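Engineer: Got a structure for you, input_4.txt, holding compact mmCIF, C-alpha atoms.
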```txt
# COMPACT_ATOMS: atom_id res chain seq x y z
CA MET A 2 8.40 5.98 -0.81
CA LEU A 3 11.48 7.45 -2.41
CA HIS A 4 14.94 6.20 -1.67
CA LEU A 5 18.57 7.00 -2.25
CA PRO A 6 19.92 9.17 -5.07
CA ALA A 7 21.57 6.23 -6.85
CA VAL A 8 18.20 4.50 -7.19
CA LEU A 9 16.37 7.69 -8.01
CA ALA A 10 18.69 8.35 -10.90
CA ALA A 11 16.91 5.54 -12.74
CA LEU A 12 13.65 7.46 -12.77
CA VAL A 13 12.70 10.93 -13.94
CA MET A 14 9.31 12.00 -12.66
CA ALA A 15 7.20 14.28 -14.79
CA ALA A 16 5.77 17.32 -13.05
CA ALA A 17 1.98 17.42 -13.22
CA PRO A 18 -0.15 20.53 -13.56
CA LEU A 19 -1.72 21.85 -10.40
CA ALA A 20 -5.27 21.66 -11.73
CA ALA A 21 -6.94 18.69 -10.03
CA PRO A 22 -10.31 17.82 -11.51
CA ALA A 23 -12.38 15.87 -9.03
CA ALA A 24 -12.27 12.16 -9.75
CA PRO A 25 -15.53 10.25 -9.38
CA ALA A 26 -15.78 7.61 -6.71
CA GLY A 27 -14.75 4.32 -8.21
CA SER A 28 -11.68 2.48 -9.37
CA GLY A 29 -9.69 5.52 -10.50
CA PRO A 30 -7.51 7.89 -8.50
CA VAL A 31 -9.03 10.70 -6.46
CA ILE A 32 -6.08 12.98 -7.27
CA ASP A 33 -4.97 12.15 -10.78
CA GLN A 34 -1.60 13.91 -10.75
CA ASN A 35 1.68 13.55 -8.89
CA PHE A 36 0.69 13.15 -5.24
CA ALA A 37 2.94 10.45 -3.81
CA ASP A 38 3.27 9.12 -0.25
CA PRO A 39 -0.02 10.65 0.93
CA ASP A 40 -0.67 11.46 4.57
CA VAL A 41 -4.18 12.55 5.62
CA LEU A 42 -5.22 14.64 8.63
CA LYS A 43 -8.81 15.58 9.55
CA VAL A 44 -9.45 18.95 11.18
CA GLY A 45 -13.10 19.72 11.82
CA ARG A 46 -14.97 18.55 8.73
CA THR A 47 -12.03 19.05 6.37
CA TYR A 48 -9.46 16.46 5.33
CA TYR A 49 -5.95 17.68 4.57
CA ALA A 50 -3.68 15.50 2.43
CA TYR A 51 0.09 16.05 2.17
CA ALA A 52 2.47 14.57 -0.40
CA THR A 53 6.08 14.24 -1.47
CA ASN A 54 7.61 17.17 -3.34
CA SER A 55 6.75 17.86 -6.99
CA ASP A 56 5.97 20.74 -9.31
CA GLY A 57 8.50 22.97 -7.53
CA ARG A 58 6.87 22.60 -4.11
CA ASN A 59 8.59 20.91 -1.18
CA ILE A 60 5.32 19.57 0.23
CA ARG A 61 2.14 19.51 -1.84
CA TRP A 62 -1.21 19.59 -0.07
CA ALA A 63 -4.89 19.26 -0.89
CA THR A 64 -8.25 19.53 0.86
CA SER A 65 -11.50 17.54 0.78
CA THR A 66 -14.67 17.02 2.79
CA ASP A 67 -15.39 13.47 1.61
CA LEU A 68 -12.01 11.87 0.67
CA VAL A 69 -13.22 11.70 -2.93
CA SER A 70 -13.33 15.23 -4.37
CA TRP A 71 -10.06 17.04 -3.71
CA THR A 72 -8.71 20.54 -4.33
CA VAL A 73 -4.94 20.64 -4.75
CA GLN A 74 -3.67 23.89 -3.26
CA GLU A 75 -1.19 26.12 -5.08
CA SER A 76 0.91 27.05 -2.05
CA ASP A 77 3.83 25.09 -0.61
CA ALA A 78 3.04 23.74 2.87
CA LEU A 79 6.79 23.74 3.69
CA PRO A 80 8.40 26.55 1.66
CA THR A 81 11.59 26.60 3.77
CA LEU A 82 13.65 23.62 4.89
CA GLY A 83 15.61 23.14 8.11
CA ALA A 84 19.15 24.48 8.40
CA TRP A 85 20.39 20.87 8.53
CA VAL A 86 19.19 20.14 4.96
CA ASP A 87 21.70 20.10 2.09
CA PRO A 88 20.80 23.28 0.16
CA ASP A 89 22.31 22.00 -3.09
CA TRP A 90 20.85 18.49 -3.31
CA THR A 91 18.49 18.06 -6.22
CA PHE A 92 17.31 15.31 -8.51
CA PRO A 93 18.67 15.09 -11.10
CA PRO A 94 22.02 16.34 -9.74
CA GLY A 95 22.43 19.99 -10.57
CA GLY A 96 18.76 20.33 -11.46
CA THR A 97 16.22 22.76 -10.06
CA GLY A 98 13.24 20.48 -9.43
CA ASP A 99 13.14 17.64 -6.90
CA ARG A 100 14.84 18.63 -3.63
CA GLY A 101 14.22 15.22 -2.08
CA VAL A 102 11.58 16.36 0.42
CA TRP A 103 9.55 13.23 0.90
CA ALA A 104 6.88 11.39 2.86
CA PRO A 105 5.35 14.08 5.11
CA GLU A 106 3.40 13.30 8.28
CA VAL A 107 1.22 16.00 9.87
CA PHE A 108 -0.62 15.87 13.20
CA ALA A 109 -2.22 18.29 15.64
CA THR A 110 -0.82 18.94 19.13
CA GLY A 111 -3.45 21.57 19.96
CA PRO A 112 -6.30 23.58 18.38
CA ARG A 113 -3.81 25.89 16.64
CA SER A 114 -0.68 23.80 16.81
CA PHE A 115 0.38 21.44 14.02
CA VAL A 116 3.60 19.48 13.47
CA MET A 117 5.00 18.15 10.21
CA TRP A 118 7.66 15.46 10.01
CA TYR A 119 9.42 15.22 6.65
CA THR A 120 12.38 13.49 5.01
CA ALA A 121 15.24 15.41 3.37
CA HIS A 122 18.97 15.08 2.65
CA ASP A 123 21.30 15.92 5.52
CA ASP A 124 24.06 18.38 4.62
CA ALA A 125 26.60 16.89 7.04
CA SER A 126 26.24 13.17 6.29
CA GLY A 127 24.77 13.10 2.79
CA LYS A 128 22.16 10.60 4.01
CA GLN A 129 18.43 11.11 4.41
CA CYS A 130 17.15 12.28 7.79
CA ILE A 131 13.82 13.27 9.33
CA GLY A 132 13.07 16.85 10.25
CA ALA A 133 10.20 18.61 12.04
CA ALA A 134 8.33 21.82 11.36
CA THR A 135 5.45 23.64 13.06
CA ALA A 136 2.47 25.76 11.99
CA THR A 137 -0.66 27.34 13.46
CA THR A 138 -2.92 26.11 10.63
CA PRO A 139 -2.98 22.70 8.88
CA GLY A 140 -2.15 24.30 5.53
CA GLY A 141 0.95 25.99 6.87
CA PRO A 142 3.25 27.50 5.99
CA PHE A 143 5.22 25.23 8.33
CA THR A 144 8.37 26.64 9.93
CA PRO A 145 11.20 24.08 10.17
CA GLN A 146 13.31 23.27 13.21
CA ASP A 147 17.02 23.99 12.77
CA THR A 148 18.16 20.47 13.70
CA ALA A 149 16.94 17.08 12.46
CA LEU A 150 14.65 14.95 14.61
CA VAL A 151 16.14 11.61 13.49
CA CYS A 152 19.51 11.34 11.73
CA THR A 153 21.24 7.95 11.74
CA PRO A 154 23.79 7.85 8.88
CA GLU A 155 25.53 4.82 10.39
CA ILE A 156 22.49 2.67 9.48
CA GLY A 157 21.78 4.33 6.15
CA GLY A 158 19.81 7.34 7.35
CA ALA A 159 16.17 7.72 8.38
CA ILE A 160 13.02 8.20 6.28
CA ASP A 161 9.23 7.77 6.30
CA ALA A 162 8.14 9.16 9.66
CA SER A 163 4.62 8.48 10.92
CA SER A 164 2.78 9.11 14.17
CA TYR A 165 0.78 6.96 16.56
CA THR A 166 -0.90 8.00 19.84
CA GLU A 167 -2.05 5.90 22.77
CA ASN A 168 -2.92 6.70 26.39
CA GLY A 169 -1.90 10.32 25.94
CA ARG A 170 1.51 9.40 24.55
CA ARG A 171 2.74 10.03 21.03
CA TYR A 172 5.08 7.68 19.19
CA LEU A 173 7.25 8.07 16.11
CA LEU A 174 7.64 5.26 13.59
CA TRP A 175 10.27 5.39 10.85
CA LYS A 176 12.54 3.33 8.64
CA ASN A 177 16.31 3.18 8.71
CA ASP A 178 17.28 3.50 5.03
CA GLY A 179 19.60 0.50 5.05
CA ASN A 180 18.87 -0.47 1.46
CA CYS A 181 21.06 2.48 0.43
CA CYS A 182 24.07 0.72 1.95
CA ARG A 183 23.48 -3.05 1.82
CA GLN A 184 22.04 -3.11 5.32
CA ASP A 185 18.75 -4.37 6.69
CA THR A 186 15.79 -2.00 6.74
CA TRP A 187 13.95 -1.92 10.06
CA LEU A 188 10.70 -0.21 10.91
CA ARG A 189 11.29 1.38 14.31
CA LEU A 190 9.15 2.87 17.08
CA GLN A 191 10.04 5.41 19.78
CA GLN A 192 8.09 7.72 22.06
CA VAL A 193 8.34 11.46 21.43
CA SER A 194 7.59 14.49 23.57
CA ALA A 195 4.05 15.90 23.67
CA ASP A 196 5.00 18.59 21.13
CA GLY A 197 6.39 15.97 18.73
CA LEU A 198 9.77 17.70 18.49
CA ARG A 199 11.98 15.48 20.66
CA ARG A 200 12.55 11.74 20.96
CA VAL A 201 12.39 10.20 24.42
CA GLY A 202 12.72 6.72 25.86
CA ALA A 203 13.84 3.52 24.21
CA GLU A 204 13.80 2.77 20.49
CA THR A 205 12.26 -0.55 19.42
CA PRO A 206 12.86 -2.29 16.06
CA LEU A 207 9.59 -3.88 14.92
CA ILE A 208 10.02 -5.67 11.57
CA LYS A 209 12.57 -5.91 8.76
CA GLN A 210 12.53 -7.29 5.21
CA ASN A 211 12.43 -11.11 5.23
CA LYS A 212 9.75 -12.19 2.73
CA PRO A 213 10.28 -12.73 -1.00
CA PHE A 214 7.64 -10.18 -2.00
CA GLU A 215 9.45 -7.49 0.04
CA GLY A 216 12.62 -7.47 -2.05
CA THR A 217 15.40 -5.61 -0.23
CA LEU A 218 13.31 -3.32 1.95
CA VAL A 219 10.29 -2.50 4.06
CA GLU A 220 9.22 1.11 4.61
CA ALA A 221 6.29 3.56 5.04
CA PRO A 222 4.96 2.38 8.44
CA THR A 223 1.38 3.19 9.46
CA LEU A 224 0.21 1.91 12.84
CA ILE A 225 -3.41 1.65 14.01
CA LYS A 226 -5.29 -0.42 16.58
CA ARG A 227 -8.42 -2.38 15.70
CA GLY A 228 -10.24 -5.01 17.74
CA GLY A 229 -7.67 -4.80 20.52
CA ARG A 230 -4.78 -5.65 18.19
CA TYR A 231 -2.08 -3.48 16.66
CA VAL A 232 -1.98 -3.47 12.86
CA LEU A 233 1.23 -2.20 11.28
CA PHE A 234 0.76 -1.39 7.59
CA TYR A 235 3.90 -1.00 5.50
CA SER A 236 5.16 -0.86 1.91
CA ALA A 237 7.91 -2.97 0.38
CA ASN A 238 10.05 -3.65 -2.70
CA PHE A 239 11.15 -1.11 -5.34
CA PHE A 240 8.93 1.98 -5.46
CA GLY A 241 9.66 2.81 -9.11
CA ASN A 242 7.63 0.11 -10.87
CA GLY A 243 4.78 -2.35 -10.46
CA SER A 244 6.66 -4.51 -7.95
CA TYR A 245 5.93 -2.06 -5.09
CA VAL A 246 3.41 -3.55 -2.63
CA SER A 247 1.70 -2.85 0.67
CA SER A 248 1.29 -5.39 3.44
CA TYR A 249 0.71 -5.55 7.19
CA ALA A 250 1.78 -7.21 10.44
CA THR A 251 -0.14 -7.63 13.70
CA ALA A 252 0.73 -7.74 17.40
CA ASP A 253 -0.97 -7.96 20.78
CA ARG A 254 1.40 -5.38 22.30
CA LEU A 255 2.56 -2.01 21.00
CA ARG A 256 6.22 -2.97 20.85
CA GLY A 257 5.54 -6.41 19.44
CA PRO A 258 6.42 -9.02 18.51
CA TYR A 259 4.69 -8.43 15.16
CA THR A 260 3.58 -11.27 12.90
CA LYS A 261 3.48 -10.52 9.18
CA ALA A 262 0.67 -11.51 6.86
CA ALA A 263 1.54 -14.47 4.64
CA SER A 264 0.90 -12.45 1.48
CA PRO A 265 0.75 -8.73 0.68
CA LEU A 266 -2.39 -6.65 1.09
CA MET A 267 -2.16 -4.58 -2.10
CA THR A 268 -0.26 -5.42 -5.28
CA THR A 269 -0.48 -4.52 -8.94
CA ASP A 270 -1.89 -7.99 -9.64
CA ALA A 271 -4.41 -7.73 -6.79
CA PHE A 272 -5.85 -4.67 -8.53
CA ALA A 273 -5.77 -6.52 -11.87
CA GLY A 274 -3.35 -3.87 -13.15
CA ALA A 275 -5.76 -0.99 -12.50
CA VAL A 276 -3.38 0.36 -9.82
CA ARG A 277 0.36 0.01 -10.43
CA GLY A 278 2.75 -0.28 -7.52
CA PRO A 279 0.30 0.54 -4.69
CA GLY A 280 2.03 1.89 -1.59
CA GLY A 281 2.84 4.82 0.68
CA GLN A 282 -0.43 4.14 2.49
CA ASP A 283 -2.25 5.93 5.32
CA VAL A 284 -5.45 4.96 7.14
CA VAL A 285 -8.13 7.52 8.02
CA THR A 286 -11.72 7.48 9.25
CA GLY A 287 -14.17 8.56 6.54
CA PRO A 288 -17.19 10.85 6.96
CA ASP A 289 -19.34 7.76 7.49
CA GLY A 290 -17.21 6.67 10.46
CA ARG A 291 -15.64 3.77 8.54
CA ASP A 292 -12.01 3.18 7.74
CA ARG A 293 -10.51 4.31 4.45
CA ILE A 294 -7.04 3.61 3.12
CA VAL A 295 -5.31 6.21 0.96
CA PHE A 296 -2.24 5.34 -1.08
CA HIS A 297 -0.43 6.13 -4.30
CA GLY A 298 -0.06 4.21 -7.56
CA TRP A 299 1.69 4.91 -10.86
CA ASN A 300 -0.21 6.11 -13.90
CA ALA A 301 -0.20 3.90 -17.01
CA GLY A 302 3.02 5.44 -18.37
CA PHE A 303 4.85 5.35 -15.00
CA GLU A 304 5.24 9.13 -15.16
CA TYR A 305 3.64 10.10 -11.85
CA ARG A 306 2.03 8.56 -8.77
CA ALA A 307 -1.62 9.47 -8.25
CA MET A 308 -3.55 9.22 -4.98
CA TYR A 309 -6.28 6.62 -4.41
CA SER A 310 -8.86 6.30 -1.64
CA ARG A 311 -10.57 2.98 -0.96
CA ARG A 312 -12.84 1.47 1.67
CA LEU A 313 -10.97 -0.60 4.26
CA ASP A 314 -12.99 -3.50 5.69
CA TRP A 315 -12.05 -5.97 8.42
CA LEU A 316 -12.60 -9.70 8.24
CA ASP A 317 -11.63 -11.88 11.20
CA GLY A 318 -9.21 -9.18 12.31
CA ARG A 319 -7.45 -8.78 8.98
CA PRO A 320 -7.78 -5.81 6.63
CA VAL A 321 -9.49 -6.11 3.25
CA VAL A 322 -9.10 -3.30 0.69
CA GLU A 323 -11.93 -2.48 -1.69
CA GLY A 324 -10.96 -3.56 -5.19
CA ALA A 325 -7.83 -5.49 -4.14
CA GLY A 326 -8.17 -9.20 -4.74
CA ILE A 327 -7.52 -11.84 -2.11
CA ARG A 328 -5.66 -14.77 -3.61
CA TYR A 329 -6.65 -18.40 -3.14
CA GLU A 330 -4.21 -21.00 -4.48
CA ALA A 331 -5.73 -23.86 -6.47
CA GLU A 332 -3.50 -26.46 -4.81
CA ASP A 333 -5.02 -25.44 -1.44
CA ALA A 334 -8.60 -25.83 -2.69
CA ASP A 335 -10.74 -28.96 -2.29
CA PHE A 336 -10.59 -30.92 -5.53
CA ALA A 337 -12.00 -34.23 -6.72
CA ARG A 338 -11.22 -36.17 -9.91
CA ALA A 339 -8.42 -33.63 -10.56
CA ASN A 340 -4.78 -33.39 -9.53
CA ALA A 341 -2.23 -30.86 -8.29
CA ARG A 342 1.21 -30.58 -9.85
CA TYR A 343 4.30 -28.42 -9.72
CA ALA A 344 4.28 -25.97 -12.61
CA ALA A 345 6.68 -23.81 -14.58
CA GLY A 346 6.08 -20.51 -16.31
CA GLY A 347 5.61 -18.30 -13.28
CA ALA A 348 2.72 -20.12 -11.66
CA SER A 349 1.62 -18.54 -8.38
CA ASN A 350 3.22 -20.45 -5.51
CA GLY A 351 4.70 -22.88 -8.06
CA ALA A 352 1.78 -25.32 -8.17
CA VAL A 353 -1.51 -25.69 -10.10
CA VAL A 354 -4.48 -28.01 -10.44
CA GLY A 355 -5.14 -29.84 -13.70
CA GLY A 356 -6.86 -32.96 -14.90
CA ILE A 357 -10.27 -31.30 -14.57
CA ASP A 358 -11.35 -33.52 -17.42
CA PHE A 359 -14.42 -35.46 -16.25
CA ASP A 360 -18.07 -34.74 -15.61
CA ASP A 361 -17.53 -35.24 -11.87
CA SER A 362 -14.27 -33.23 -11.67
CA ARG A 363 -14.45 -30.35 -9.18
CA VAL A 364 -12.11 -27.67 -7.82
CA SER A 365 -13.83 -25.86 -4.94
CA PHE A 366 -12.65 -22.73 -3.13
CA THR A 367 -14.08 -21.53 0.17
CA VAL A 368 -14.02 -17.75 -0.15
CA ARG A 369 -14.69 -15.45 2.79
CA VAL A 370 -15.73 -11.83 2.20
CA PRO A 371 -16.67 -8.97 4.58
CA ARG A 372 -19.93 -7.95 2.89
CA GLY A 373 -22.40 -9.20 0.30
CA GLY A 374 -22.44 -7.84 -3.24
CA GLU A 375 -20.72 -7.98 -6.59
CA TYR A 376 -17.14 -9.25 -6.70
CA ARG A 377 -14.53 -9.55 -9.42
CA LEU A 378 -13.45 -13.17 -9.86
CA SER A 379 -10.07 -13.43 -11.59
CA THR A 380 -9.00 -16.95 -12.57
CA ARG A 381 -5.34 -17.60 -13.40
CA TYR A 382 -5.33 -20.37 -15.99
CA ALA A 383 -3.47 -22.01 -18.85
CA ASN A 384 -5.19 -23.54 -21.88
CA GLY A 385 -3.18 -25.65 -24.30
CA SER A 386 -6.12 -27.44 -25.86
CA ASP A 387 -5.80 -28.40 -29.51
CA GLY A 388 -9.50 -27.68 -29.90
CA GLY A 389 -9.25 -23.97 -29.13
CA ALA A 390 -11.03 -22.07 -26.38
CA ALA A 391 -11.82 -23.90 -23.15
CA SER A 392 -14.13 -23.28 -20.21
CA HIS A 393 -15.13 -24.46 -16.75
CA ARG A 394 -18.68 -24.63 -15.47
CA LEU A 395 -19.03 -22.36 -12.43
CA THR A 396 -21.25 -22.79 -9.39
CA VAL A 397 -21.51 -20.31 -6.50
CA ASN A 398 -22.96 -21.59 -3.24
CA GLY A 399 -24.45 -24.55 -5.08
CA ALA A 400 -26.20 -22.51 -7.78
CA ALA A 401 -25.18 -22.57 -11.44
CA ALA A 402 -23.40 -19.32 -12.33
CA GLY A 403 -22.49 -19.80 -15.98
CA SER A 404 -18.93 -20.45 -17.07
CA VAL A 405 -15.38 -19.13 -16.89
CA ASP A 406 -13.96 -18.95 -20.40
CA TYR A 407 -10.34 -19.36 -21.42
CA PRO A 408 -8.77 -18.39 -24.75
CA VAL A 409 -5.86 -20.56 -25.91
CA THR A 410 -2.57 -19.66 -24.15
CA GLY A 411 -0.50 -22.82 -24.39
CA TRP A 412 0.34 -24.91 -21.35
CA ASP A 413 2.28 -23.25 -18.50
CA ASN A 414 1.50 -19.80 -19.92
CA TRP A 415 -0.57 -18.37 -17.06
CA GLN A 416 -3.12 -15.71 -17.95
CA VAL A 417 -6.21 -14.27 -16.25
CA SER A 418 -9.89 -14.63 -17.10
CA GLU A 419 -12.20 -12.20 -15.31
CA ARG A 420 -15.93 -12.17 -14.60
CA GLN A 421 -18.33 -10.89 -11.94
CA VAL A 422 -19.99 -13.05 -9.28
CA THR A 423 -22.46 -12.26 -6.52
CA LEU A 424 -21.30 -13.32 -3.06
CA ARG A 425 -22.85 -13.19 0.40
CA ALA A 426 -21.15 -11.88 3.54
CA GLY A 427 -19.04 -14.59 5.19
CA ASP A 428 -18.21 -17.93 3.59
CA ASN A 429 -18.95 -18.75 -0.05
CA LEU A 430 -18.23 -21.89 -2.05
CA ILE A 431 -16.99 -21.28 -5.61
CA SER A 432 -16.63 -24.47 -7.66
CA TYR A 433 -15.18 -25.16 -11.09
CA GLY A 434 -16.30 -28.18 -13.15
CA LYS A 435 -15.52 -29.64 -16.56
CA GLY A 436 -16.58 -27.47 -19.49
CA ALA A 437 -15.32 -27.24 -23.07
CA ASN A 438 -11.87 -28.64 -23.88
CA TYR A 439 -9.19 -28.53 -21.17
CA ALA A 440 -7.63 -25.92 -18.87
CA GLU A 441 -5.61 -25.86 -15.65
CA ILE A 442 -6.19 -23.50 -12.72
CA ASP A 443 -3.31 -21.79 -10.96
CA ALA A 444 -5.17 -19.53 -8.48
CA ILE A 445 -8.14 -17.24 -8.14
CA ASP A 446 -8.35 -13.64 -6.89
CA VAL A 447 -11.57 -12.30 -5.37
CA ALA A 448 -12.05 -8.53 -5.07
CA SER A 449 -15.00 -6.33 -4.18
CA SER A 450 -16.06 -3.96 -6.93
CA ALA A 451 -14.73 -0.45 -6.19
CA HIS A 452 -17.47 2.15 -5.82
```
Transcribe the structure of this file into structure tokens.
Structural biologist:
Amino acid sequence: MLHLPAVLAALVMAAAPLAAPAAPAGSGPVIDQNFADPDVLKVGRTYYAYATNSDGRNIRWATSTDLVSWTVQESDALPTLGAWVDPDWTFPPGGTGDRGVWAPEVFATGPRSFVMWYTAHDDASGKQCIGAATATTPGGPFTPQDTALVCTPEIGGAIDASSYTENGRRYLLWKNDGNCCRQDTWLRLQQVSADGLRRVGAETPLIKQNKPFEGTLVEAPTLIKRGGRYVLFYSANFFGNGSYVSSYATADRLRGPYTKAASPLMTTDAFAGAVRGPGGQDVVTGPDGRDRIVFHGWNAGFEYRAMYSRRLDWLDGRPVVEGAGIRYEAEDADFARANARYAAGGASNGAVVGGIDFDDSRVSFTVRVPRGGEYRLSTRYANGSDGGAASHRLTVNGAAAGSVDYPVTGWDNWQVSERQVTLRAGDNLISYGKGANYAEIDAIDVASSAH
């Protein structure tokens, strides 16, 4: 998500052309142009995606029937902003492009009644606030309300609205933009009226930033319910580079308490650099009835944020994203005739396993996956052998599976070696044994092949 003007001034986003060639299903984006903070709504057989302003449009939108091939529309879904919005705010200051209209959320309140929540800059306070607009068709044009729906300048403002419904009631989730003002950022929940235009009842803070990978903020809430539990997806850290991540927290009750996952769900490293700064996520049911997660990620030159769509599986109640690796630390593996040690040089979790130097040395990881098939195995290693390249013999579920090979890096210089392995649904045992020369293992990442 986008933040305060002072942070935004560090980044100039390039406008992308409207033409949107359909991207093939796979590891690449499905909209390969600026389409940040995507929100997806299904009406009939058509999916409608909405995105943060770019290319002179306050809210960009696109349509699809399969979540893979998209047509980016030329019109502006929100051509006019609410009377509460600062008419002169632009990025860069004094420019004519970015008006700071961010992170739309669209939902239906009837067959011909649609509501959009959006973030913009409040004229009175100078902070970001959340407004509402209505339309009779999902493509708009949406007509804005004159007053903001959520405006809380005393806690930094309000951004990133999203919607959740349960038992006939609709709820609003949003973030107080405290990182603008050295305050905590909380993801909050409150019931709204049936038309989505008025807040009612008590406001409940759900989670705030308190993990190292979150940096100074959490934002972009998306709430769903699966298997009787509430799953709150969110993004964290600085949106403007590869440190942006997505994670999740779970609860047994709508208003919590929520327990965060120990590690993030989607990161640049989890995608082996193929997606940079994944975030701004939404969850939608695909044509096949299965969950999909849509999100944005930077292009290679960090010039724009494209939209991705990936399968979202569930394993023991936790989400697993197609193509995003799950990390297993070597020091937590079962190892024999080897040893764990604290390590320098940016080792994951600060510890590694070395001394895998004998014929009976083993480092074994129990890896659990939601479905059988081909998986990307990424091994974080360091090789300081005088003799050159090193390797480990690999076995998968007791069967020889070749080797994992390591070019020379020097000790405590952690790099990644990738290869494919075939895994079965459920538990798998991946074991590393002594091969050529010597190498240490920091961690492994296991990711399903995107398709």
Engineer: Env of stretch 224-236 of chain A: 7 Å cut, atoms = only C-alpha atoms, seq-sep filter 3 positions within chain, self excluded. Answer as a list in words.
Structural biologist: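 Contacts, in chain order: Tyr165, Val219, Glu220, Ala221, Val246, Ser247, Ser248, Tyr249, Ala250, Thr251, Ala252, Asp253, Arg254, Leu255, Gly280, Gly281 and Gly318 of chain A.
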Engineer: Write out as a list in words which residues come within 6 Å of A:Gln191 when counting only C-alpha atoms, dropping same-chain ones fewer than 6 positions away.
Structural biologist: Tyr172, Leu173 and Glu204 of chain A
Engineer: What separation in Å, quoted to one decimal, exists between atom CA of A:Ala37 and atom CA of A:Leu150?
Structural biologist: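 According to the coordinates, atom CA of A:Ala37 and atom CA of A:Leu150 are separated by 22.3 Å.
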Engineer: As an exercise, work out the distance from atom CA of A:Ser55 to atom CA of A:Asn35 in Å and give it to one decimal place.
Structural biologist: 6.9 Å
Engineer: Quick one: distance from atom CA of A:Gly132 to atom CA of A:Ser114 in Å, one decimal?
Structural biologist: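 Between atom CA of A:Gly132 and atom CA of A:Ser114 the gap is 16.7 Å.
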Engineer: Could you give me, as a count of residues only, the residues that sit within 12 Å of (3.1, 22.6, 3.9) in the file's coordinates, counting all atoms listed in the file?
Structural biologist: 47
Engineer: Which one is closest to A:Val285: A:Arg199, A:Arg312, A:Arg306, A:Arg381? Count only C-alpha atoms.
Structural biologist: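 Closest to A:Val285 of all the choices is A:Arg312.
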Engineer: In terms of the shortest atom-to-atom distance over only C-alpha atoms, which of A:Met308, A:Ile32, A:Ala301, A:Val417 is closest to A:Asp283?
Structural biologist: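 Residue with the minimum atom-to-atom distance to A:Asp283: A:Met308.
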Engineer: Pull the closest atom pair for each residue of stretch 317-424 of chain A that gets at most 8 Å from stretch 258-268 of chain A, along with the distance in Å to one decimal, counting only C-alpha atoms, ordering rows by chain and then ascending residue number, as a Markdown table.
Structural biologist:
```
| residue | atom | partner | partner_atom | distance |
| --- | --- | --- | --- | --- |
| A:Pro320 | CA | A:Leu266 | CA | 7.8 |
| A:Val321 | CA | A:Leu266 | CA | 7.4 |
| A:Val322 | CA | A:Leu266 | CA | 7.5 |
| A:Ala325 | CA | A:Met267 | CA | 6.1 |
| A:Ile327 | CA | A:Leu266 | CA | 8.0 |
```
Engineer: Those same residues, written as a PDB file, keeping the file's coordinate frame with C-alpha atoms?
Structural biologist:
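Done, and the output landed in selection-v9.pdb:
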```pdb
ATOM      1  CA  PRO A 320      -7.780  -5.810   6.630  1.00  0.00           C
ATOM      2  CA  VAL A 321      -9.490  -6.110   3.250  1.00  0.00           C
ATOM      3  CA  VAL A 322      -9.100  -3.300   0.690  1.00  0.00           C
ATOM      4  CA  ALA A 325      -7.830  -5.490  -4.140  1.00  0.00           C
ATOM      5  CA  ILE A 327      -7.520 -11.840  -2.110  1.00  0.00           C
TER       6      ILE A 327
END
```
Engineer: For a quick check of your reading of the model, name the residues lying within 9 Å of the coordinate (3.4, 7.7, -13.8), counting only C-alpha atoms, and write them as a ChimeraX atom specification.
Structural biologist: /A:14-15,34-35,277,298-307
